Amino acid sequence: MRVSFRINGDPVMVDVEPRLHLADCLRDVLGLTGTHLGCEHGACGACTVLVDGKVTRSCLMLAVMCDARSIATLEGLRDDPTVVVLRKHFHENHGLQCGFCTPGMLIMARDILARLTAPDAATVRHELSGQVCRCTGYTGIVKAIVAAGQELATRAQSTSPARASAGRAALKQQPEGLGGLPQG
């Protein structure tokens, strides 16, 4: 079945089996290996991507469901201002170890910071409840997200209130309460 969508801003047309999951399409067909597969049940978050700007588990979504949609993987968010700040803080706070969960964690962290201004550690832990890391114990990850949120909030305060508000509105990716489950 032929499917057309935008991947990281670029138009793509691929022929896929109707049963092929988006994660497998991204990795095996398109060679975008930043999206990882862990549980293949939507429970671990390693396969987290953005579909039409919403956090989505790509192991639960079929590639054919993405026809005429926009998909962003971590590769496509390389220069995203929030992701740049998050990467810095993940490094400084030892928020990664083996790196397997990192792409999904960064995408989810970006979503958290788009919805919540400077969240505290308890809020970050709650928001990360659908992301699994088997190496770090989450301490470094939580510290990194809190520190990134504080840095972004400080930057926003130093800009004009109208610009800061517009920037937060542009980053907002999904309404609260969707829990990172696939939208379709």
# chains A, B, ... in the order shown; residues from 1 in each chain; ligands from 1
$ residues_around --residues "segment 64-68 of chain A" --least-positions-apart "4" --cutoff "10 Å" --atoms "only C-alpha atoms" --output "list in words"
Met1, Arg2, Val3, Ser4, Phe5, Arg6, Pro11, Val12, Met13, Val14, Asp15, Val16, Glu17, Pro18, Arg19, Leu20, His21, Leu22, Cys25, Val51, Asp52 and Gly184 of chain A
$ write_last_selection --atoms "C-alpha atoms" --output "PDB file, in the first residue's frame"
ATOM      1  CA  MET A   1       0.000   0.000   0.000  1.00  0.00           C
ATOM      2  CA  ARG A   2       1.409   3.401  -0.931  1.00  0.00           C
ATOM      3  CA  VAL A   3       1.569   5.961   1.887  1.00  0.00           C
ATOM      4  CA  SER A   4       2.584   9.620   1.671  1.00  0.00           C
ATOM      5  CA  PHE A   5       3.503  11.725   4.672  1.00  0.00           C
ATOM      6  CA  ARG A   6       6.004  14.299   5.872  1.00  0.00           C
ATOM      7  CA  PRO A  11       7.728  14.663   1.916  1.00  0.00           C
ATOM      8  CA  VAL A  12       8.012  10.875   1.718  1.00  0.00           C
ATOM      9  CA  MET A  13       6.158   8.265  -0.291  1.00  0.00           C
ATOM     10  CA  VAL A  14       6.647   4.602   0.619  1.00  0.00           C
ATOM     11  CA  ASP A  15       5.066   1.267  -0.182  1.00  0.00           C
ATOM     12  CA  VAL A  16       4.296  -0.641   3.008  1.00  0.00           C
ATOM     13  CA  GLU A  17       2.356  -3.676   4.105  1.00  0.00           C
ATOM     14  CA  PRO A  18      -0.926  -2.609   5.738  1.00  0.00           C
ATOM     15  CA  ARG A  19       0.144  -4.309   8.987  1.00  0.00           C
ATOM     16  CA  LEU A  20       3.559  -2.554   9.262  1.00  0.00           C
ATOM     17  CA  HIS A  21       3.893  -0.454  12.398  1.00  0.00           C
ATOM     18  CA  LEU A  22       5.147   3.105  12.094  1.00  0.00           C
ATOM     19  CA  CYS A  25       8.614   1.779   8.855  1.00  0.00           C
ATOM     20  CA  VAL A  51       2.535  12.639  14.782  1.00  0.00           C
ATOM     21  CA  ASP A  52       0.907  15.912  13.788  1.00  0.00           C
ATOM     22  CA  GLY A 184      -5.505   8.522  15.659  1.00  0.00           C
TER      23      GLY A 184
END
$ residues_around --residues "segment 91-107 of chain A" --least-positions-apart "6" --cutoff "6 Å" --atoms "only C-alpha atoms" --output "short mmCIF file (atom, residue, chain, number, x, y, z; two decimals) with all heavy atoms, in the first residue's frame"
data_model
loop_
_atom_site.label_atom_id
_atom_site.label_comp_id
_atom_site.auth_asym_id
_atom_site.auth_seq_id
_atom_site.Cartn_x
_atom_site.Cartn_y
_atom_site.Cartn_z
N GLY A 45 7.79 3.49 25.96
CA GLY A 45 8.05 4.84 25.46
C GLY A 45 9.29 4.99 24.60
O GLY A 45 9.59 6.08 24.13
N ALA A 46 10.05 3.91 24.37
CA ALA A 46 11.26 4.01 23.57
C ALA A 46 10.96 4.42 22.12
O ALA A 46 11.80 5.03 21.46
CB ALA A 46 12.02 2.68 23.57
N CYS A 47 9.77 4.13 21.66
CA CYS A 47 9.39 4.41 20.27
C CYS A 47 8.66 5.74 20.09
O CYS A 47 8.09 6.01 19.04
CB CYS A 47 8.50 3.28 19.75
SG CYS A 47 6.89 3.24 20.57
N THR A 48 8.69 6.59 21.09
CA THR A 48 7.94 7.85 21.07
C THR A 48 8.39 8.77 19.94
O THR A 48 9.58 9.03 19.77
CB THR A 48 8.06 8.57 22.42
OG1 THR A 48 7.60 7.69 23.45
CG2 THR A 48 7.26 9.85 22.45
N LEU A 74 13.34 12.07 16.62
CA LEU A 74 14.39 12.82 17.28
C LEU A 74 15.39 13.38 16.27
O LEU A 74 15.89 14.49 16.43
CB LEU A 74 15.11 11.98 18.34
CG LEU A 74 16.06 12.76 19.22
CD1 LEU A 74 15.33 13.87 19.98
CD2 LEU A 74 16.79 11.85 20.18
N CYS A 133 13.10 3.63 31.80
CA CYS A 133 14.56 3.61 31.73
C CYS A 133 15.03 2.53 32.69
O CYS A 133 14.69 2.56 33.87
CB CYS A 133 15.16 4.95 32.12
SG CYS A 133 16.96 4.90 32.18
N GLY A 140 18.85 11.35 37.26
CA GLY A 140 19.50 12.28 36.34
C GLY A 140 18.55 12.81 35.29
O GLY A 140 18.63 13.98 34.90
N ILE A 141 17.63 11.97 34.83
CA ILE A 141 16.66 12.39 33.82
C ILE A 141 15.74 13.47 34.39
O ILE A 141 15.52 14.51 33.77
CB ILE A 141 15.84 11.18 33.32
CG1 ILE A 141 16.74 10.21 32.55
CG2 ILE A 141 14.66 11.63 32.46
CD1 ILE A 141 16.11 8.87 32.25
N ALA A 144 17.60 16.68 34.86
CA ALA A 144 17.85 17.31 33.57
C ALA A 144 16.62 18.06 33.07
O ALA A 144 16.72 19.19 32.59
CB ALA A 144 18.28 16.27 32.54
#
$ select_by_dssp --residues "segment 34-158 of chain A" --states "helix (DSSP H, G or I)" --output "PyMOL selection string"
chain A and resi 63-66+74-77+81-92+102-115+121-127+139-158
$ closest_residue --among "A:His36, A:Gly149, A:Ala121, A:Arg27" --to "Val83 of chain A" --atoms "only C-alpha atoms"
A:Gly149
$ residues_around --residues "Ile112 of chain A" --least-positions-apart "3" --cutoff "8 Å" --atoms "only C-alpha atoms" --output "number ranges by chain"
A: 108-109, 115-116, 124, 127
$ select_by_dssp --residues "segment 9-44 of chain A" --states "strand (DSSP E)" --output "list in words"
Asp10, Pro11, Val12, Met13, Val14 and Asp15 of chain A
